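Chemist: Take a look at target26.cif, mmCIF, C-alpha atoms:
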data_query
loop_
_atom_site.label_atom_id
_atom_site.label_comp_id
_atom_site.auth_asym_id
_atom_site.auth_seq_id
_atom_site.Cartn_x
_atom_site.Cartn_y
_atom_site.Cartn_z
CA MET V 406 47.44 -42.19 -121.75
CA SER V 407 51.06 -41.07 -122.25
CA GLU V 408 49.90 -37.93 -124.09
CA LEU V 409 47.81 -36.68 -121.15
CA PRO V 410 49.15 -33.69 -119.15
CA LYS V 411 51.64 -34.75 -116.48
CA ASP V 412 49.41 -33.49 -113.66
CA TYR V 413 46.20 -35.17 -114.87
CA GLU V 414 46.06 -37.41 -111.78
CA GLU V 415 46.39 -34.49 -109.37
CA GLU V 416 43.78 -32.61 -111.41
CA CYS V 417 41.40 -35.57 -110.98
CA ILE V 418 41.42 -35.11 -107.21
CA LYS V 419 41.30 -31.31 -107.49
CA GLN V 420 38.24 -31.39 -109.77
CA GLY V 421 36.40 -33.87 -107.55
CA ALA V 422 36.28 -36.77 -110.03
CA ILE V 423 37.54 -38.99 -107.20
CA VAL V 424 36.56 -38.12 -103.65
CA ARG V 425 36.31 -41.55 -102.05
CA ARG V 426 38.32 -44.37 -103.56
CA ARG V 427 35.50 -46.87 -103.61
CA GLY V 428 34.94 -48.84 -106.79
CA VAL V 429 38.05 -47.42 -108.48
CA SER V 430 41.25 -46.81 -106.54
CA ASN V 431 43.19 -44.21 -108.55
CA PRO V 432 42.85 -41.56 -111.32
CA ALA V 433 44.79 -43.63 -113.90
CA ASP V 434 42.33 -46.53 -113.62
CA LEU V 435 39.36 -44.16 -113.82
CA MET V 436 40.82 -42.50 -116.91
CA MET V 437 41.38 -45.86 -118.60
CA LEU V 438 37.76 -46.87 -117.96
CA ALA V 439 36.48 -43.47 -119.09
CA MET V 440 38.46 -43.69 -122.35
CA PHE V 441 37.12 -47.20 -122.97
CA HIS V 442 33.58 -45.91 -122.45
CA LEU V 443 34.06 -42.84 -124.65
CA GLN V 444 35.89 -44.57 -127.49
CA ASN V 445 33.97 -47.85 -127.66
CA GLY V 446 30.50 -46.65 -126.70
CA CYS V 447 29.92 -49.47 -124.21
CA SER V 448 26.73 -49.41 -122.15
CA LEU V 449 26.88 -48.84 -118.40
CA VAL V 450 26.24 -52.52 -117.75
CA GLU V 451 29.08 -53.45 -120.10
CA MET V 452 31.39 -50.94 -118.39
CA SER V 453 30.69 -52.56 -115.03
CA GLU V 454 31.81 -55.89 -116.49
CA VAL V 455 34.83 -54.32 -118.24
CA ALA V 456 35.96 -52.85 -114.92
CA ARG V 457 35.68 -56.29 -113.27
CA ILE V 458 37.47 -58.24 -116.03
CA THR V 459 40.35 -55.72 -116.36
CA LYS V 460 40.58 -55.33 -112.57
CA LEU V 461 40.49 -51.57 -113.00
CA GLY V 462 37.51 -51.29 -110.67
CA ASN V 463 34.62 -52.99 -108.99
CA MET V 464 31.32 -51.15 -109.32
CA SER V 465 27.78 -51.50 -110.58
CA ASP V 466 26.47 -49.79 -113.70
CA VAL V 467 24.82 -47.10 -111.57
CA ALA V 468 28.02 -46.56 -109.60
CA PHE V 469 30.02 -46.15 -112.85
CA MET V 470 27.45 -43.66 -114.17
CA LYS V 471 27.73 -41.54 -111.01
CA ARG V 472 31.53 -41.72 -111.16
CA PHE V 473 31.63 -40.79 -114.88
CA GLU V 474 29.32 -37.79 -114.53
CA LYS V 475 31.74 -36.27 -112.01
CA CYS V 476 34.49 -36.30 -114.64
CA GLY V 477 33.18 -33.37 -116.73
CA ASN V 478 35.33 -30.66 -115.11
CA TRP V 479 38.32 -33.03 -115.05
CA PHE V 480 38.07 -33.63 -118.81
CA LYS V 481 37.55 -29.91 -119.40
CA SER V 482 40.72 -28.98 -117.48
CA ILE V 483 42.69 -31.58 -119.48
CA ASN V 484 41.28 -30.19 -122.75
CA GLN V 485 42.40 -26.67 -121.89
CA LYS V 486 45.98 -27.92 -121.50
CA LEU V 487 45.87 -30.15 -124.57
CA ALA V 488 44.45 -27.34 -126.69
CA SER V 489 47.39 -25.08 -125.82
CA SER V 490 49.89 -27.65 -127.13
CA CYS V 491 51.19 -26.63 -130.55
CA LEU V 492 50.70 -29.26 -133.19
CA ILE V 493 51.32 -29.05 -136.93
CA ASP V 494 52.23 -25.65 -138.40
CA TYR V 495 50.87 -25.33 -141.95
CA GLN V 496 52.30 -22.83 -144.40
CA LYS V 497 50.90 -19.32 -144.04
CA SER V 498 50.79 -16.45 -146.45
CA GLU V 499 53.48 -13.92 -145.62
CA TRP V 500 51.02 -11.30 -144.33
CA LEU V 501 49.49 -13.86 -141.93
CA GLU V 502 52.83 -14.89 -140.45
CA ARG V 503 52.44 -13.06 -137.13
CA LYS V 504 48.73 -13.66 -136.74
CA THR V 505 46.83 -16.45 -135.02
CA VAL V 506 44.11 -17.26 -137.55
CA ILE V 507 41.01 -18.64 -135.86
CA ALA V 508 37.86 -20.05 -137.42
CA VAL V 509 34.81 -20.08 -135.15
CA ASP V 510 31.59 -22.00 -135.54
CA ALA V 511 28.98 -23.89 -133.56
CA SER V 512 27.39 -27.30 -133.88
CA ASP V 513 24.29 -28.75 -132.23
CA VAL V 514 24.33 -32.15 -130.56
CA ALA V 515 21.03 -33.93 -129.93
CA GLU V 516 20.40 -36.15 -126.92
CA LYS V 517 19.03 -39.59 -127.72
CA GLY V 518 15.66 -40.63 -126.37
CA ARG V 519 12.34 -38.96 -125.74
CA SER V 520 13.64 -35.69 -124.29
CA GLY V 521 15.66 -34.80 -127.40
CA ARG V 522 17.46 -31.97 -125.61
CA ILE V 523 19.90 -29.99 -127.73
CA TYR V 524 23.36 -28.93 -126.60
CA ARG V 525 25.55 -26.54 -128.57
CA LEU V 526 29.30 -26.75 -129.02
CA HIS V 527 30.90 -23.34 -129.66
CA PHE V 528 34.38 -23.92 -131.07
CA ALA V 529 37.41 -21.81 -132.02
CA LEU V 530 40.02 -23.59 -134.13
CA ASP V 531 43.55 -22.40 -134.96
CA ILE V 532 43.42 -23.36 -138.62
CA PHE V 533 47.19 -23.42 -139.16
CA LYS V 534 48.00 -25.52 -136.12
CA MET V 535 44.71 -27.47 -136.26
CA ILE V 536 44.19 -27.20 -132.51
CA SER V 537 41.36 -25.96 -130.34
CA ILE V 538 41.95 -22.45 -129.00
CA GLU V 539 38.73 -22.32 -127.00
CA TYR V 540 35.38 -24.06 -126.75
CA LYS V 541 32.18 -23.82 -124.75
CA ILE V 542 29.34 -26.29 -124.30
CA THR V 543 25.97 -24.65 -123.69
CA THR V 544 22.27 -25.28 -124.14
CA ALA V 545 20.69 -24.41 -127.47
CA LYS V 546 19.37 -21.18 -125.89
CA VAL V 547 22.83 -19.64 -126.19
CA GLY V 548 23.11 -18.30 -129.73
CA GLU V 549 26.10 -18.21 -132.06
CA SER V 550 28.11 -15.10 -131.23
CA ILE V 551 31.70 -13.89 -131.30
CA CYS V 552 31.05 -12.69 -127.75
CA ASN V 553 31.14 -16.35 -126.64
CA PHE V 554 34.92 -16.33 -127.20
CA THR V 555 37.88 -14.70 -125.45
CA LEU V 556 39.84 -12.62 -127.96
CA GLN V 557 43.22 -10.93 -127.77
CA PRO V 558 45.62 -8.85 -129.93
CA GLY V 559 47.14 -10.89 -132.74
CA TYR V 560 43.99 -12.91 -133.39
CA LEU V 561 42.39 -12.87 -136.85
CA VAL V 562 38.89 -14.29 -136.43
CA ILE V 563 37.08 -15.79 -139.43
CA ALA V 564 33.36 -16.51 -139.12
CA ASP V 565 30.27 -17.19 -141.18
CA ARG V 566 27.14 -15.05 -141.57
CA ALA V 567 25.63 -15.99 -138.18
CA TYR V 568 28.41 -14.01 -136.45
CA ALA V 569 28.29 -10.87 -138.61
CA ASN V 570 26.66 -8.23 -136.43
CA ILE V 571 27.52 -5.01 -134.64
CA LYS V 572 28.08 -6.70 -131.26
CA GLY V 573 30.56 -9.16 -132.76
CA ILE V 574 32.46 -6.37 -134.51
CA GLU V 575 32.54 -4.30 -131.31
CA HIS V 576 33.81 -7.33 -129.35
CA CYS V 577 36.71 -7.71 -131.80
CA ASN V 578 37.56 -4.01 -131.80
CA LYS V 579 37.41 -3.81 -128.00
CA ASN V 580 39.94 -6.64 -127.69
CA ASN V 581 42.16 -5.38 -130.54
CA ALA V 582 41.46 -8.49 -132.61
CA GLU V 583 41.05 -8.49 -136.39
CA TYR V 584 38.17 -10.21 -138.16
CA ILE V 585 36.77 -11.37 -141.48
CA PHE V 586 33.00 -11.99 -141.29
CA ARG V 587 30.81 -13.21 -144.13
CA LEU V 588 27.84 -10.85 -144.57
CA ARG V 589 24.20 -11.58 -145.27
CA LYS V 590 21.84 -9.05 -146.81
CA ASN V 591 20.52 -7.76 -143.47
CA SER V 592 23.57 -8.11 -141.20
CA PHE V 593 23.51 -4.35 -140.59
CA THR V 594 22.82 -1.11 -142.45
CA VAL V 595 25.74 0.39 -144.35
CA ARG V 596 26.11 4.18 -144.71
CA ASN V 597 28.66 6.66 -146.04
CA GLU V 598 30.27 9.45 -144.01
CA GLU V 599 27.31 11.76 -144.76
CA GLY V 600 24.95 9.21 -143.22
CA LYS V 601 23.35 8.21 -146.52
CA LYS V 602 22.44 4.53 -146.91
CA ILE V 603 24.62 2.65 -149.43
CA ASP V 604 23.05 0.24 -151.89
CA LEU V 605 25.62 -2.56 -151.93
CA GLY V 606 23.65 -4.53 -154.53
CA ALA V 607 23.90 -1.70 -157.04
CA ILE V 608 27.65 -1.42 -156.50
CA PHE V 609 28.22 -5.16 -156.82
CA ALA V 610 26.18 -5.31 -160.04
CA LYS V 611 28.84 -3.17 -161.74
CA LEU V 612 31.65 -5.62 -160.98
CA THR V 613 33.29 -7.25 -163.99
CA SER V 614 34.45 -10.87 -163.98
CA GLY V 615 37.26 -11.33 -161.46
CA GLU V 616 36.97 -7.75 -160.14
CA CYS V 617 36.69 -7.12 -156.37
CA ALA V 618 34.72 -4.41 -154.60
CA ASP V 619 36.59 -2.70 -151.75
CA LEU V 620 34.60 -0.15 -149.71
CA SER V 621 35.20 1.82 -146.51
CA VAL V 622 31.81 2.38 -144.87
CA LEU V 623 30.04 2.89 -141.56
CA ALA V 624 28.02 -0.01 -140.12
CA THR V 625 24.94 1.07 -138.20
CA ASN V 626 22.27 -0.77 -136.23
CA LEU V 627 18.82 0.10 -134.86
CA ASP V 628 20.40 1.93 -131.91
CA GLY V 629 22.28 4.24 -134.24
CA ASP V 630 25.74 2.87 -133.46
CA LYS V 631 28.28 3.69 -136.20
CA ILE V 632 31.45 1.64 -136.65
CA PRO V 633 34.04 1.96 -139.46
CA VAL V 634 34.05 -1.23 -141.52
CA ARG V 635 35.76 -2.35 -144.69
CA ILE V 636 33.62 -4.42 -147.09
CA CYS V 637 35.13 -6.64 -149.78
CA ALA V 638 33.10 -8.55 -152.35
CA LYS V 639 33.52 -10.70 -155.44
CA ARG V 640 31.02 -12.33 -157.77
CA LYS V 641 30.85 -16.14 -157.60
CA THR V 642 31.54 -18.29 -160.62
CA PRO V 643 28.51 -19.23 -162.79
CA GLU V 644 28.69 -22.79 -161.44
CA ALA V 645 28.74 -21.58 -157.84
CA ILE V 646 25.83 -19.21 -158.50
CA GLU V 647 23.75 -22.07 -159.87
CA GLN V 648 24.53 -24.16 -156.79
CA THR V 649 23.49 -21.23 -154.58
CA LYS V 650 20.18 -20.88 -156.42
CA LYS V 651 19.43 -24.58 -155.95
CA LYS V 652 20.26 -24.30 -152.25
CA LEU V 653 17.95 -21.32 -151.80
CA ARG V 654 15.11 -23.11 -153.63
CA ARG V 655 15.50 -26.10 -151.29
CA LYS V 656 15.44 -23.73 -148.33
CA GLU V 657 12.22 -22.09 -149.56
CA SER V 658 10.59 -25.48 -150.06
CA LYS V 659 11.72 -26.87 -146.71
CA ASN V 660 10.85 -23.81 -144.62
CA GLN V 661 7.77 -22.82 -146.64
CA CYS V 662 9.08 -19.30 -147.06
CA VAL V 663 9.85 -16.84 -149.84
CA ILE V 664 13.34 -15.39 -150.11
CA SER V 665 13.40 -11.89 -151.58
CA GLU V 666 14.95 -11.28 -154.98
CA GLU V 667 17.38 -8.81 -153.35
CA ALA V 668 18.62 -11.53 -150.97
CA LYS V 669 18.97 -14.00 -153.84
CA THR V 670 21.00 -11.49 -155.84
CA PHE V 671 23.17 -10.70 -152.80
CA ASN V 672 23.95 -14.41 -152.48
CA GLU V 673 25.54 -14.36 -155.94
CA TYR V 674 28.53 -12.65 -154.32
CA ILE V 675 31.01 -13.51 -151.57
CA VAL V 676 30.72 -10.46 -149.30
CA VAL V 677 32.82 -10.02 -146.16
CA ALA V 678 33.33 -7.31 -143.55
CA THR V 679 36.75 -6.75 -141.99
CA ASN V 680 38.85 -4.31 -139.99
CA LEU V 681 42.10 -5.28 -141.77
CA ASN V 682 43.95 -2.24 -143.13
CA ASP V 683 44.30 -1.43 -146.81
CA THR V 684 47.83 -2.86 -147.05
CA ILE V 685 45.99 -6.19 -147.39
CA SER V 686 44.22 -6.46 -150.74
CA ALA V 687 40.57 -7.42 -151.13
CA ASP V 688 41.67 -10.52 -153.05
CA GLU V 689 43.87 -11.64 -150.15
CA ILE V 690 41.05 -11.05 -147.65
CA LEU V 691 38.50 -13.03 -149.68
CA GLU V 692 41.00 -15.85 -150.23
CA THR V 693 41.71 -15.99 -146.48
CA TYR V 694 38.00 -16.25 -145.70
CA ARG V 695 37.94 -19.58 -147.54
CA LEU V 696 40.12 -21.05 -144.76
CA ARG V 697 37.01 -21.10 -142.54
CA TRP V 698 36.04 -24.44 -144.04
CA GLN V 699 38.69 -26.07 -141.84
CA VAL V 700 36.39 -25.79 -138.83
CA GLU V 701 33.55 -27.38 -140.83
CA ILE V 702 35.85 -30.31 -141.63
CA TYR V 703 36.76 -30.55 -137.94
CA PHE V 704 33.11 -30.83 -136.92
CA LYS V 705 32.53 -33.44 -139.60
CA ARG V 706 35.42 -35.49 -138.23
CA LEU V 707 34.06 -35.22 -134.70
CA LYS V 708 30.60 -36.37 -135.73
CA SER V 709 31.56 -39.12 -138.16
CA ILE V 710 34.60 -40.68 -136.52
CA LEU V 711 33.92 -40.06 -132.84
CA ASN V 712 30.10 -40.28 -132.96
CA TYR V 713 29.90 -36.83 -131.40
CA GLY V 714 26.62 -36.01 -133.12
CA GLU V 715 24.30 -37.91 -130.77
CA LEU V 716 24.35 -38.11 -127.00
CA PRO V 717 23.69 -41.47 -125.32
CA LYS V 718 23.15 -39.71 -121.97
CA ARG V 719 20.11 -38.27 -120.23
CA ARG V 720 21.40 -36.66 -117.01
CA HIS V 721 22.86 -33.17 -117.48
CA ASP V 722 26.17 -33.88 -115.70
CA SER V 723 26.64 -37.06 -117.73
CA VAL V 724 26.01 -35.14 -120.96
CA ILE V 725 28.67 -32.53 -120.09
CA ALA V 726 31.15 -35.27 -119.14
CA TRP V 727 30.45 -37.10 -122.41
CA LEU V 728 30.91 -33.98 -124.58
CA ASN V 729 34.10 -32.90 -122.82
CA GLY V 730 35.39 -36.47 -122.90
CA LYS V 731 34.80 -36.80 -126.65
CA LEU V 732 36.73 -33.58 -127.25
CA MET V 733 39.55 -34.93 -125.09
CA ILE V 734 39.75 -38.07 -127.24
CA ALA V 735 39.75 -35.94 -130.43
CA LEU V 736 42.58 -33.72 -129.16
CA LEU V 737 44.65 -36.73 -128.08
CA ILE V 738 44.21 -38.29 -131.53
CA GLU V 739 45.42 -35.05 -133.15
CA ILE V 740 48.52 -35.01 -130.93
CA ILE V 741 49.32 -38.65 -131.75
CA ILE V 742 48.89 -38.01 -135.49
CA SER V 743 51.07 -34.89 -135.35
CA LYS V 744 53.93 -36.90 -133.80
CA ALA V 745 53.76 -39.72 -136.31
CA ALA V 746 56.22 -39.91 -139.17
CA PHE V 747 54.64 -39.28 -142.60
CA PRO V 748 55.38 -41.27 -144.64
CA PRO V 749 56.25 -44.16 -142.31
CA GLN V 750 60.01 -44.64 -142.05
CA GLU V 751 59.95 -47.99 -143.85
CA TYR V 752 58.62 -46.16 -146.94
CA ALA V 753 60.74 -43.03 -146.60
#
Go ahead and express the file in the form of structure tokens.

Modeler:
Amino acid sequence: MSELPKDYEEECIKQGAIVRRRGVSNPADLMMLAMFHLQNGCSLVEMSEVARITKLGNMSDVAFMKRFEKCGNWFKSINQKLASSCLIDYQKSEWLERKTVIAVDASDVAEKGRSGRIYRLHFALDIFKMISIEYKITTAKVGESICNFTLQPGYLVIADRAYANIKGIEHCNKNNAEYIFRLRKNSFTVRNEEGKKIDLGAIFAKLTSGECADLSVLATNLDGDKIPVRICAKRKTPEAIEQTKKKLRRKESKNQCVISEEAKTFNEYIVVATNLNDTISADEILETYRLRWQVEIYFKRLKSILNYGELPKRRHDSVIAWLNGKLMIALLIEIIISKAAFPPQEYA
């Protein structure tokens, strides 16, 4: 509770989480009950009894449910302030020193029960401070896209293949943000200045062990848009290639599909598109892309430790409150950890 923003009680009233003080008399008591519900996973009936025993409130299970589902915007406003708090600064490479390096990704969360509705968490993580820069909770109809995020100068956005398209690149360029996107075989067509299509596979096949490809090309889509792009690539290790082949075979078996030989060969390389200038080497760019795994680890922590992966709610407003509340708990835990002494003083 002590790590919450100082104005969280005023924000409770402003966001309409408390309108009439029936059942629970003040924002602090409501927050304590909400945290107990989010962290311990108690049922609504149990929460009614918890409120009575702790004297934090006096309400039925239905009354608590209605009160909790009004907390979504309150939790969201708290998260926005918590996410802007700087936490742990990890060591950066010298060329990254003045950049805010952000990994973006999305994760689906399934609702329990017969409906099985899917919600999608779109998340942007500052991978050197390990804090949320921005997030959105949407239905599964909203696809993964860089356009879901607010970008600004000084940002270096790192994203996987789902985000590598012309619209995402244009969104970065429009907002003067830099990017490193992993490419798939059909992300977009690549041409030279004369407009001739470039066969990336043929170029990559000539790479020797440890050698990087570094190309300046034009990315084009079906509408004929042409955008200058820098492409960097490196062949995976033999062990990594074998793992990739196994993964693709499992995908073919599971989805009952056939992946083309061209796509399989393309997957033997790490291929990224970027707008970073040539003062940054291809090796440095490819090494920086590997930092994207931090956001994968973050999602894993959310799902395994905070049980974020499944929703125990059925009403839409309750779902949004639950998702925003879980993120609030995660951010508070990060802040508490960042302020702890490592190692503990008695062992220092």

Chemist: What's the separation between atom CA of V:Thr613 and atom CA of V:Arg587, in Å to one decimal place?

Modeler: 20.9 Å

Chemist: Select, from V:Arg635, V:Lys705, V:His527, V:Arg720, the residue with the minimum atom-to-atom distance to V:Ala687, counting only C-alpha atoms.

Modeler: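 Answer, going by the shortest atom-to-atom distance: V:Arg635.
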
Chemist: Suppose a student applies the PyMOL selection byres ((chain V and resi 469) around 12) to this structure; what residues should they get, written as a ChimeraX atom specification?

Modeler: /V:422-423,427-429,435,438-439,442,447-457,461-468,470-476,723

Chemist: Of the candidates V:Ala638, V:Ala735, V:Phe671, V:Pro643, which one gets nearest to V:Phe704 if we count only C-alpha atoms?

Modeler: V:Ala735

Chemist: Name the residues that the PyMOL selection byres ((chain V and resi 679) around 6) picks from the file above, as a PyMOL selection string, using the file's chain letters and numbers.

Modeler: chain V and resi 584-585+635+678+680-681

Chemist: Go ahead and compute the interatomic distance for atom CA of V:Ala511 and atom CA of V:Leu530, in Å to one decimal.

Modeler: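 Atom CA of V:Leu530 lies at a distance of 11.1 Å from atom CA of V:Ala511.
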
Chemist: Quote the spacing between atom CA of V:Val622 and atom CA of V:Gly600 in Å to one decimal place.

Modeler: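 These atoms are spaced 9.8 Å apart.
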
Chemist: Anything within 7 Å of (41.2, -24.5, -140.8): list those residues as JSON, numbers by chain, counting all atoms listed in the file and sticking to the file's coordinates.

Modeler: {"V": [508, 530, 531, 532, 533, 535, 696, 697, 698, 699, 700]}

Chemist: Taking (42.9, -36.4, -125.5) in the file's own coordinates, collect the residues within 10 Å, counting all atoms listed in the file, and hand them back as a ChimeraX atom specification.

Modeler: /V:406-410,440,480,483-484,486-488,729-741

Chemist: Give me the result of the PyMOL selection byres ((chain V and resi 525) around 7) on this file, residue by residue, as JSON, numbers by chain.

Modeler: {"V": [511, 512, 513, 514, 523, 524, 526, 527, 542, 543, 544, 545]}

Chemist: I need stretch 554-565 of chain V written out with N, CA and C atoms, as a tab-separated table (two decimals), in the first residue's frame; please produce it.

Modeler:
chain	number	residue	atom	x	y	z
V	554	PHE	N	0.99	1.20	-30.14
V	554	PHE	CA	1.80	1.87	-29.13
V	554	PHE	C	2.11	3.31	-29.53
V	555	THR	N	2.28	4.15	-28.50
V	555	THR	CA	2.66	5.55	-28.69
V	555	THR	C	4.18	5.64	-28.68
V	556	LEU	N	4.76	6.09	-29.79
V	556	LEU	CA	6.21	6.17	-29.90
V	556	LEU	C	6.68	7.61	-29.89
V	557	GLN	N	7.96	7.80	-29.61
V	557	GLN	CA	8.52	9.14	-29.58
V	557	GLN	C	10.02	9.08	-29.88
V	558	PRO	N	10.64	10.24	-30.23
V	558	PRO	CA	12.08	10.25	-30.50
V	558	PRO	C	12.87	9.72	-29.30
V	559	GLY	N	13.91	8.96	-29.59
V	559	GLY	CA	14.72	8.38	-28.52
V	559	GLY	C	14.37	6.95	-28.21
V	560	TYR	N	13.22	6.47	-28.74
V	560	TYR	CA	12.83	5.08	-28.54
V	560	TYR	C	13.52	4.19	-29.57
V	561	LEU	N	14.00	3.05	-29.11
V	561	LEU	CA	14.45	1.97	-30.00
V	561	LEU	C	13.54	0.78	-29.73
V	562	VAL	N	12.68	0.46	-30.69
V	562	VAL	CA	11.66	-0.56	-30.51
V	562	VAL	C	12.16	-1.89	-31.08
V	563	ILE	N	12.10	-2.94	-30.27
V	563	ILE	CA	12.49	-4.28	-30.70
V	563	ILE	C	11.26	-5.16	-30.71
V	564	ALA	N	11.01	-5.86	-31.82
V	564	ALA	CA	9.80	-6.66	-31.92
V	564	ALA	C	10.03	-7.89	-32.78
V	565	ASP	N	9.19	-8.89	-32.56
V	565	ASP	CA	9.29	-10.15	-33.29
V	565	ASP	C	8.60	-10.04	-34.65
